[in-house]
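The next block is start-v3.tsv, given as TSV, C-alpha atoms.
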```tsv
chain	number	residue	atom	x	y	z
A	1	MET	CA	1.20	19.07	4.32
A	2	SER	CA	3.18	19.03	7.52
A	3	LYS	CA	3.88	22.71	7.87
A	4	ASP	CA	1.42	24.53	10.04
A	5	GLY	CA	2.76	27.98	9.22
A	6	ALA	CA	1.20	30.37	6.80
A	7	ALA	CA	4.27	30.37	4.58
A	8	ALA	CA	4.42	28.08	1.59
A	9	PRO	CA	5.71	24.65	2.64
A	10	LYS	CA	9.05	23.37	1.50
A	11	LYS	CA	9.05	20.89	-1.32
A	12	LYS	CA	8.95	17.33	-0.01
A	13	ASN	CA	10.77	14.39	-1.51
A	14	LEU	CA	9.61	10.81	-1.99
A	15	ALA	CA	12.10	9.39	0.53
A	16	ILE	CA	10.58	11.39	3.38
A	17	HIS	CA	7.05	10.46	2.25
A	18	LEU	CA	8.05	6.79	2.05
A	19	LEU	CA	9.61	6.62	5.52
A	20	ALA	CA	7.20	8.91	7.39
A	21	GLY	CA	4.16	7.36	5.71
A	22	GLY	CA	5.47	3.84	6.23
A	23	VAL	CA	6.05	4.35	9.95
A	24	ALA	CA	2.63	5.97	10.33
A	25	GLY	CA	0.91	3.21	8.37
A	26	CYS	CA	2.53	0.41	10.35
A	27	CYS	CA	1.51	2.02	13.64
A	28	GLU	CA	-2.03	2.39	12.35
A	29	ALA	CA	-2.25	-1.20	11.08
A	30	LEU	CA	-0.91	-2.78	14.26
A	31	SER	CA	-3.27	-0.72	16.41
A	32	CYS	CA	-6.51	-1.05	14.46
A	33	HIS	CA	-6.43	-4.27	12.38
A	34	PRO	CA	-8.62	-6.37	14.75
A	35	LEU	CA	-11.51	-3.94	14.14
A	36	ASP	CA	-11.08	-4.41	10.40
A	37	THR	CA	-11.33	-8.20	10.78
A	38	ILE	CA	-14.54	-7.79	12.79
A	39	LYS	CA	-15.90	-5.40	10.14
A	40	VAL	CA	-15.28	-7.94	7.36
A	41	ARG	CA	-16.97	-10.75	9.33
A	42	LEU	CA	-20.01	-8.52	9.93
A	43	GLN	CA	-20.20	-7.61	6.24
A	44	LEU	CA	-20.02	-11.28	5.19
A	45	ARG	CA	-22.60	-12.38	7.78
A	46	GLY	CA	-25.76	-13.73	6.17
A	47	GLU	CA	-24.06	-14.47	2.83
A	48	ALA	CA	-23.76	-18.23	3.45
A	49	ALA	CA	-27.34	-18.54	4.61
A	50	ALA	CA	-28.58	-16.75	1.51
A	51	LYS	CA	-26.93	-19.37	-0.73
A	52	ARG	CA	-28.85	-22.29	0.84
A	53	PRO	CA	-32.48	-22.99	-0.16
A	54	VAL	CA	-34.66	-22.18	2.86
A	55	ALA	CA	-36.78	-25.25	2.14
A	56	THR	CA	-33.93	-27.57	3.10
A	57	VAL	CA	-33.14	-28.49	6.69
A	58	ALA	CA	-29.63	-27.11	6.29
A	59	GLY	CA	-31.01	-23.90	4.81
A	60	GLN	CA	-33.45	-23.45	7.71
A	61	ALA	CA	-30.69	-24.11	10.23
A	62	MET	CA	-28.38	-21.62	8.54
A	63	LYS	CA	-31.15	-19.04	8.37
A	64	ALA	CA	-31.81	-19.46	12.10
A	65	ALA	CA	-28.09	-19.21	12.82
A	66	ALA	CA	-27.83	-16.08	10.67
A	67	ALA	CA	-30.80	-14.53	12.48
A	68	GLN	CA	-29.16	-15.26	15.82
A	69	ALA	CA	-25.85	-13.87	14.56
A	70	GLY	CA	-27.62	-10.76	13.37
A	71	LYS	CA	-28.34	-9.87	16.99
A	72	GLN	CA	-24.63	-9.82	17.84
A	73	ASN	CA	-22.77	-6.52	17.95
A	74	PHE	CA	-19.16	-5.93	16.93
A	75	ILE	CA	-17.87	-6.61	20.46
A	76	THR	CA	-19.62	-10.01	20.60
A	77	VAL	CA	-18.29	-10.90	17.16
A	78	GLY	CA	-14.75	-10.01	18.22
A	79	VAL	CA	-15.03	-12.07	21.41
A	80	ASN	CA	-16.38	-15.06	19.46
A	81	ILE	CA	-13.53	-14.89	16.95
A	82	ALA	CA	-10.95	-14.82	19.74
A	83	LYS	CA	-12.70	-17.63	21.64
A	84	LYS	CA	-13.26	-20.02	18.71
A	85	GLU	CA	-10.23	-19.28	16.52
A	86	GLY	CA	-7.71	-17.77	18.93
A	87	PHE	CA	-6.76	-14.16	19.67
A	88	LEU	CA	-4.36	-14.03	16.72
A	89	ALA	CA	-7.31	-14.68	14.40
A	90	LEU	CA	-8.18	-10.99	14.86
A	91	TYR	CA	-4.96	-10.26	12.95
A	92	LYS	CA	-5.74	-12.43	9.93
A	93	GLY	CA	-4.67	-10.63	6.78
A	94	LEU	CA	-2.29	-8.32	8.66
A	95	GLY	CA	0.63	-9.47	6.50
A	96	ALA	CA	-1.10	-8.24	3.35
A	97	VAL	CA	-1.86	-4.90	5.01
A	98	VAL	CA	1.66	-4.31	6.36
A	99	THR	CA	3.21	-5.32	3.02
A	100	GLY	CA	1.16	-2.70	1.24
A	101	ILE	CA	1.26	0.03	3.90
A	102	VAL	CA	4.58	1.65	2.92
A	103	PRO	CA	3.81	2.15	-0.80
A	104	LYS	CA	0.18	2.94	0.01
A	105	MET	CA	1.04	5.77	2.39
A	106	ALA	CA	3.87	7.01	0.19
A	107	ILE	CA	1.52	7.16	-2.81
A	108	ARG	CA	-1.29	8.73	-0.76
A	109	PHE	CA	0.70	11.63	0.67
A	110	SER	CA	2.98	12.25	-2.31
A	111	SER	CA	0.17	12.10	-4.88
A	112	PHE	CA	-2.01	14.37	-2.75
A	113	GLU	CA	0.78	16.94	-2.55
A	114	TYR	CA	1.41	16.58	-6.30
A	115	PHE	CA	-2.23	17.11	-7.30
A	116	LYS	CA	-2.62	19.86	-4.70
A	117	GLY	CA	0.36	21.63	-6.23
A	118	LEU	CA	-1.28	21.48	-9.66
A	119	LEU	CA	-4.47	23.02	-8.25
A	120	ALA	CA	-2.77	25.73	-6.17
A	121	ASN	CA	-3.03	29.40	-7.03
A	122	LYS	CA	0.04	30.20	-9.16
A	123	GLU	CA	0.66	33.52	-7.42
A	124	THR	CA	-0.15	32.82	-3.77
A	125	GLY	CA	0.29	29.04	-3.61
A	126	VAL	CA	-3.01	28.77	-1.71
A	127	VAL	CA	-5.27	25.78	-2.37
A	128	SER	CA	-9.03	26.14	-1.97
A	129	ALA	CA	-11.24	23.62	-0.17
A	130	GLY	CA	-12.48	22.47	-3.59
A	131	GLY	CA	-8.88	21.99	-4.70
A	132	ASN	CA	-8.13	19.87	-1.63
A	133	PHE	CA	-11.25	17.79	-2.33
A	134	ILE	CA	-10.24	17.11	-5.96
A	135	ALA	CA	-6.64	16.36	-4.93
A	136	GLY	CA	-7.98	13.91	-2.35
A	137	LEU	CA	-10.17	12.21	-4.97
A	138	ALA	CA	-7.18	11.84	-7.28
A	139	ALA	CA	-4.89	10.59	-4.49
A	140	GLY	CA	-7.45	7.99	-3.35
A	141	THR	CA	-7.97	6.73	-6.89
A	142	THR	CA	-4.21	6.48	-7.45
A	143	GLU	CA	-3.55	4.45	-4.31
A	144	ALA	CA	-6.56	2.20	-4.98
A	145	VAL	CA	-5.36	1.20	-8.44
A	146	LEU	CA	-1.67	0.80	-7.60
A	147	VAL	CA	-1.77	-0.79	-4.14
A	148	VAL	CA	-5.04	-1.00	-2.21
A	149	THR	CA	-7.12	-3.29	-4.46
A	150	PRO	CA	-4.81	-6.35	-4.51
A	151	MET	CA	-3.99	-5.78	-0.84
A	152	ASP	CA	-7.70	-5.68	0.05
A	153	VAL	CA	-8.56	-8.77	-2.00
A	154	ILE	CA	-5.87	-10.85	-0.27
A	155	LYS	CA	-6.73	-9.44	3.17
A	156	ILE	CA	-10.43	-10.23	2.79
A	157	ARG	CA	-9.77	-13.80	1.59
A	158	LEU	CA	-7.61	-14.38	4.68
A	159	GLN	CA	-10.07	-12.72	7.07
A	160	ALA	CA	-13.02	-14.69	5.69
A	161	GLN	CA	-11.41	-18.03	6.60
A	162	ARG	CA	-12.86	-19.54	9.78
A	163	HIS	CA	-10.13	-21.73	11.20
A	164	SER	CA	-8.37	-22.02	14.53
A	165	MET	CA	-5.05	-20.20	14.80
A	166	THR	CA	-4.09	-22.41	17.76
A	167	ASP	CA	-4.71	-25.83	16.14
A	168	PRO	CA	-1.81	-26.84	13.82
A	169	LEU	CA	-3.99	-29.53	12.23
A	170	ASP	CA	-6.61	-26.98	11.15
A	171	ILE	CA	-4.96	-25.99	7.86
A	172	PRO	CA	-6.77	-23.26	5.88
A	173	LYS	CA	-6.79	-22.89	2.10
A	174	TYR	CA	-4.69	-19.72	2.29
A	175	ARG	CA	-1.79	-19.92	4.76
A	176	ASN	CA	-0.54	-16.34	4.52
A	177	ALA	CA	-0.61	-13.29	2.24
A	178	ALA	CA	2.03	-14.55	-0.20
A	179	HIS	CA	0.44	-18.01	-0.41
A	180	CYS	CA	-2.99	-16.47	-0.92
A	181	ALA	CA	-1.73	-14.36	-3.82
A	182	TYR	CA	-0.03	-17.41	-5.37
A	183	VAL	CA	-3.14	-19.62	-5.10
A	184	MET	CA	-5.43	-16.92	-6.46
A	185	VAL	CA	-3.22	-16.22	-9.47
A	186	LYS	CA	-2.86	-19.96	-10.13
A	187	GLU	CA	-6.56	-20.80	-9.85
A	188	GLU	CA	-8.26	-17.58	-10.95
A	189	GLY	CA	-5.67	-15.60	-12.87
A	190	VAL	CA	-3.91	-12.30	-12.17
A	191	SER	CA	-7.13	-10.37	-12.75
A	192	SER	CA	-8.58	-11.93	-9.58
A	193	LEU	CA	-6.32	-9.64	-7.54
A	194	TYR	CA	-8.15	-6.68	-9.05
A	195	LYS	CA	-11.71	-7.74	-8.35
A	196	GLY	CA	-13.77	-4.76	-7.30
A	197	VAL	CA	-11.12	-2.26	-8.45
A	198	GLY	CA	-13.80	0.22	-9.51
A	199	LEU	CA	-15.56	0.11	-6.15
A	200	THR	CA	-12.26	0.21	-4.30
A	201	ALA	CA	-11.22	3.28	-6.27
A	202	LEU	CA	-14.60	4.90	-5.53
A	203	ARG	CA	-14.30	4.09	-1.82
A	204	GLN	CA	-10.70	5.30	-1.54
A	205	ALA	CA	-11.40	8.42	-3.61
A	206	THR	CA	-14.35	9.50	-1.46
A	207	ASN	CA	-12.48	8.56	1.73
A	208	GLN	CA	-9.40	10.61	0.91
A	209	ALA	CA	-11.38	13.52	-0.55
A	210	ALA	CA	-13.31	13.87	2.71
A	211	ASN	CA	-10.26	13.01	4.79
A	212	PHE	CA	-7.85	15.58	3.37
A	213	THR	CA	-10.46	18.32	2.88
A	214	VAL	CA	-11.67	18.19	6.48
A	215	TYR	CA	-8.14	17.75	7.87
A	216	GLN	CA	-6.74	20.71	5.91
A	217	TRP	CA	-9.68	22.92	6.92
A	218	LEU	CA	-9.42	22.01	10.61
A	219	ARG	CA	-5.67	22.49	10.63
A	220	LYS	CA	-5.94	25.96	9.09
A	221	LYS	CA	-8.61	26.99	11.60
A	222	LEU	CA	-6.58	25.70	14.56
A	223	HIS	CA	-3.40	27.35	13.34
A	224	ASP	CA	-5.14	30.67	12.75
A	225	SER	CA	-6.42	30.58	16.33
A	226	GLN	CA	-2.98	29.60	17.71
A	227	PRO	CA	-0.38	31.62	15.79
A	228	GLN	CA	2.12	31.13	18.62
A	229	HIS	CA	2.58	27.47	17.56
A	230	GLU	CA	4.92	26.82	14.63
A	231	THR	CA	3.67	23.22	14.72
A	232	LEU	CA	0.37	22.19	16.28
A	233	PRO	CA	0.49	19.90	19.35
A	234	ALA	CA	0.34	16.16	18.70
A	235	TYR	CA	-3.02	15.73	20.45
A	236	GLN	CA	-4.59	18.25	18.05
A	237	HIS	CA	-3.34	16.25	15.06
A	238	LEU	CA	-4.94	13.20	16.68
A	239	ILE	CA	-8.29	14.96	17.07
A	240	MET	CA	-8.21	16.37	13.53
A	241	GLY	CA	-7.31	12.97	12.10
A	242	PHE	CA	-10.09	11.26	14.04
A	243	ILE	CA	-12.77	13.69	12.84
A	244	SER	CA	-11.62	13.70	9.22
A	245	GLY	CA	-11.18	9.92	9.19
A	246	ALA	CA	-14.76	9.32	10.34
A	247	CYS	CA	-16.30	11.31	7.45
A	248	GLY	CA	-15.64	8.83	4.61
A	249	PRO	CA	-17.12	5.64	6.16
A	250	LEU	CA	-20.30	7.44	7.16
A	251	PHE	CA	-21.47	7.98	3.58
A	252	ASN	CA	-19.75	5.23	1.56
A	253	ALA	CA	-20.56	2.20	3.77
A	254	PRO	CA	-22.71	0.46	1.07
A	255	ILE	CA	-19.81	0.71	-1.40
A	256	ASP	CA	-17.47	-0.98	1.07
A	257	THR	CA	-19.94	-3.80	1.83
A	258	ILE	CA	-20.57	-4.58	-1.86
A	259	LYS	CA	-16.81	-4.44	-2.54
A	260	THR	CA	-16.13	-6.90	0.29
A	261	ARG	CA	-18.67	-9.40	-1.08
A	262	ILE	CA	-17.26	-9.13	-4.62
A	263	GLN	CA	-13.67	-9.62	-3.50
A	264	LYS	CA	-14.38	-12.47	-1.11
A	265	THR	CA	-15.87	-15.02	-3.53
A	266	PRO	CA	-14.49	-16.31	-6.88
A	267	SER	CA	-16.87	-15.63	-9.75
A	268	GLN	CA	-16.99	-15.69	-13.55
A	269	GLU	CA	-19.13	-12.55	-13.59
A	270	LYS	CA	-17.38	-9.35	-14.49
A	271	GLY	CA	-17.81	-5.63	-13.97
A	272	TRP	CA	-21.29	-4.15	-13.85
A	273	ALA	CA	-23.06	-7.53	-14.01
A	274	ARG	CA	-21.22	-8.72	-10.91
A	275	PHE	CA	-21.91	-5.45	-9.10
A	276	MET	CA	-25.65	-5.55	-9.85
A	277	ASN	CA	-25.98	-9.23	-8.95
A	278	VAL	CA	-24.27	-8.81	-5.56
A	279	THR	CA	-26.25	-5.64	-4.81
A	280	LYS	CA	-29.60	-7.26	-5.69
A	281	ASN	CA	-28.82	-10.39	-3.65
A	282	ILE	CA	-27.96	-8.36	-0.56
A	283	ALA	CA	-31.11	-6.24	-0.85
A	284	LYS	CA	-33.37	-9.24	-1.61
A	285	ASN	CA	-32.03	-11.79	0.89
A	286	GLU	CA	-30.80	-9.61	3.75
A	287	GLY	CA	-32.51	-6.23	3.45
A	288	TYR	CA	-31.12	-2.76	2.89
A	289	ARG	CA	-29.75	-2.53	6.42
A	290	ALA	CA	-27.22	-5.19	5.42
A	291	PHE	CA	-25.40	-2.56	3.33
A	292	TYR	CA	-24.44	-0.86	6.59
A	293	ARG	CA	-23.17	-3.95	8.39
A	294	GLY	CA	-19.76	-3.37	9.90
A	295	LEU	CA	-20.20	0.41	9.93
A	296	THR	CA	-19.45	0.76	13.66
A	297	PRO	CA	-16.18	-1.21	13.64
A	298	ARG	CA	-15.24	0.44	10.34
A	299	VAL	CA	-15.63	3.93	11.81
A	300	LEU	CA	-13.82	2.77	14.95
A	301	ARG	CA	-11.12	1.31	12.69
A	302	VAL	CA	-10.74	4.15	10.18
A	303	ALA	CA	-11.20	7.18	12.45
A	304	PRO	CA	-8.54	6.30	15.08
A	305	GLY	CA	-6.44	4.84	12.25
A	306	GLN	CA	-6.38	8.19	10.48
A	307	ALA	CA	-5.76	9.94	13.80
A	308	ILE	CA	-2.68	7.79	14.38
A	309	THR	CA	-1.56	8.10	10.76
A	310	PHE	CA	-1.71	11.90	10.65
A	311	MET	CA	-0.17	12.37	14.09
A	312	VAL	CA	2.72	9.96	13.46
A	313	TYR	CA	3.23	11.22	9.91
A	314	GLU	CA	3.43	14.86	11.02
A	315	ARG	CA	5.81	14.05	13.87
A	316	VAL	CA	8.10	11.76	11.86
A	317	TYR	CA	8.09	14.14	8.91
A	318	LYS	CA	9.05	17.13	11.10
A	319	TRP	CA	11.76	15.08	12.85
A	320	MET	CA	13.25	13.94	9.54
A	321	VAL	CA	13.21	17.47	8.11
A	322	ASN	CA	14.90	18.80	11.25
A	323	VAL	CA	17.56	16.08	11.09
A	324	GLY	CA	18.11	16.83	7.41
A	325	ASP	CA	18.43	20.56	8.05
A	326	LYS	CA	20.83	19.91	10.93
A	327	LEU	CA	23.02	17.68	8.79
A	328	LYS	CA	23.07	20.31	6.05
A	329	VAL	CA	24.12	23.00	8.55
A	330	GLU	CA	26.85	20.79	10.01
A	331	ASP	CA	28.08	19.90	6.52
A	332	TYR	CA	28.11	23.59	5.56
A	333	ASN	CA	30.02	24.53	8.73
A	334	ASN	CA	32.55	21.75	8.16
A	335	ASN	CA	33.11	22.86	4.57
A	336	THR	CA	33.47	26.48	5.67
A	337	SER	CA	36.04	25.53	8.30
A	338	SER	CA	37.99	23.45	5.77
A	339	ASN	CA	38.04	26.31	3.27
A	340	ALA	CA	39.20	28.75	5.98
A	341	GLU	CA	42.10	26.49	6.89
A	342	ILE	CA	43.16	26.31	3.25
```
Final structure tokens representation of the file:
Amino acid sequence: MSKDGAAAPKKKNLAIHLLAGGVAGCCEALSCHPLDTIKVRLQLRGEAAAKRPVATVAGQAMKAAAAQAGKQNFITVGVNIAKKEGFLALYKGLGAVVTGIVPKMAIRFSSFEYFKGLLANKETGVVSAGGNFIAGLAAGTTEAVLVVTPMDVIKIRLQAQRHSMTDPLDIPKYRNAAHCAYVMVKEEGVSSLYKGVGLTALRQATNQAANFTVYQWLRKKLHDSQPQHETLPAYQHLIMGFISGACGPLFNAPIDTIKTRIQKTPSQEKGWARFMNVTKNIAKNEGYRAFYRGLTPRVLRVAPGQAITFMVYERVYKWMVNVGDKLKVEDYNNNTSSNAEI
């Protein structure tokens, strides 16, 4: 993954994936989380108004408010969140994200390399674009089931709360990620943490399939045109990550919006029935354009996020490999010197 040379890459171990992926993920989360909060608010906009009968005064007022809110763009929404709830409100749910970042990134990169190895040509070790796509699908599904779904459910519950972060008397239902998980399990059962797991797996699978396929293709093309570089410059990793990261959100935005609605609200409906009910309600009450709400902040969140992730991952991975190789050489030299003295 990290080697830009034509030779087959050295086998990576989980420890390097864990540390390099964890550092990359934390940098990405801290840099881009406010855009994710704005995206969730945009995706949930109009939901409350749809639940109120329009015939009532409250329903008419909420419909008018929703119509007015519909004219706001992602910048206005972000400014309003900071103004009404405090700047730190843009980081609601960050605890859940950071907690899951290390295993998420470790699983993403290690599982991609594992599945890519299975799909590689046995003689040359080369993986086709189709092989990278399938490995990305498998890696995205794996991370969605093991880490991303419960992390997303908790994050969305926290982000959906509209309370002031500066007023100590304004106490929300969920105080932090751990408390949110505890309350959800207590009131709704453990299965509530896996609401929308199918849609999350579909979103992550398509994201990572597009992400890794485009990234691998761009990296090969850039390396072929710059054989003098053993490792590509950091800014090129940033550009490749940005382009590849933007591909997924552009064609799976409706999946992400439906998933957000399902995970935000407790419900007795399960599986396909819940999916169809949420989808029909969005289309009927808000129109088909509502499926693409939050697309701009999502692209602005995911694309630079992937740019940061790939750039930091490649740099940290190379640094750790170099340190490991240096320690091995020093250890070998020390042992050789000791044996010579004997």
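In this structure, CA of Thr296 (chain A) sits 21.2 Å away from CA of Phe310 (chain A).
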Please list as a PDB file with C-alpha atoms, in the frame of the given file every residue within 9 Å of His33 (chain A), counting only C-alpha atoms and excluding residues in the same chain fewer than 2 positions away.
```
ATOM      1  CA  GLU A  28      -2.030   2.390  12.350  1.00  0.00           C
ATOM      2  CA  ALA A  29      -2.250  -1.200  11.080  1.00  0.00           C
ATOM      3  CA  LEU A  30      -0.910  -2.780  14.260  1.00  0.00           C
ATOM      4  CA  SER A  31      -3.270  -0.720  16.410  1.00  0.00           C
ATOM      5  CA  LEU A  35     -11.510  -3.940  14.140  1.00  0.00           C
ATOM      6  CA  ASP A  36     -11.080  -4.410  10.400  1.00  0.00           C
ATOM      7  CA  THR A  37     -11.330  -8.200  10.780  1.00  0.00           C
ATOM      8  CA  ILE A  38     -14.540  -7.790  12.790  1.00  0.00           C
ATOM      9  CA  LEU A  90      -8.180 -10.990  14.860  1.00  0.00           C
ATOM     10  CA  TYR A  91      -4.960 -10.260  12.950  1.00  0.00           C
ATOM     11  CA  LYS A  92      -5.740 -12.430   9.930  1.00  0.00           C
ATOM     12  CA  GLY A  93      -4.670 -10.630   6.780  1.00  0.00           C
ATOM     13  CA  LEU A  94      -2.290  -8.320   8.660  1.00  0.00           C
ATOM     14  CA  VAL A  97      -1.860  -4.900   5.010  1.00  0.00           C
ATOM     15  CA  ARG A 301     -11.120   1.310  12.690  1.00  0.00           C
TER      16      ARG A 301
END
```
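Remark: for Met151 (chain A), the closest of the candidate residues A:Ser192, A:Gln228, A:Gln236, A:Thr206 is A:Ser192 (distances computed over only C-alpha atoms).
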- Spatial neighbours of Gly131 (chain A), max dist 10 Å, all atoms listed in the file, sep filter under 3 positions, as a ChimeraX atom specification: /A:115-121,126-128,134-137,209,213
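With all atoms listed in the file as the atoms that count, the minimum distance from Ile154 (chain A) to the choices A:Asn207, A:Gln263, A:Ser225, A:Thr257 is reached by A:Gln263.
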- Task: May I ask for the distance between CA of Ile262 (chain A) and CA of Gly196 (chain A), given in Å to one decimal place?
- Result: 6.2 Å
- Item | Given all atoms listed in the file as the counted atoms, nearest of A:Val77, A:Asp325, A:Val316, A:Gln72 to Ile16 (chain A) | A:Val316
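Across the structure, CA of Arg157 (chain A) and CA of Lys264 (chain A) are spaced 5.5 Å apart.
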- Got a sec: who's within 9 Å of Cys247 (chain A), counting all atoms listed in the file, leaving out chain neighbours fewer than 6 positions off, as a VMD selection string? chain A and resid 207 210 to 211 214 299 303
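Checking A:Val102, A:Val312, A:Leu238, A:Val153 one by one against Tyr194 (chain A), counting all atoms listed in the file, you find the shortest gap at A:Val153.
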- Item | For region 289-291 of chain A: contacts at 7 Å, only C-alpha atoms, fewer than 6 positions along chain excluded, given as a PyMOL selection string | chain A and resi 253-254+257+282
- Query: Leaving out Ser267 (chain A) and any residue of its chain fewer than 2 positions from it, which residues lie within 12 Å of it when counting all atoms listed in the file, given as a ChimeraX atom specification?
  - Reply: /A:184,187-189,191-192,195-196,261-265,269-271,273-275,277-278
- Using all atoms listed in the file, which of the listed residues (A:Phe212, A:Val145, A:Pro172, A:Gly95) sits closest to Gly130 (chain A)? A:Phe212
- Item | For Val23 (chain A), the nearest of the candidates A:Asn252, A:Thr231, A:Thr309, A:Gln43, counting all atoms listed in the file | A:Thr309
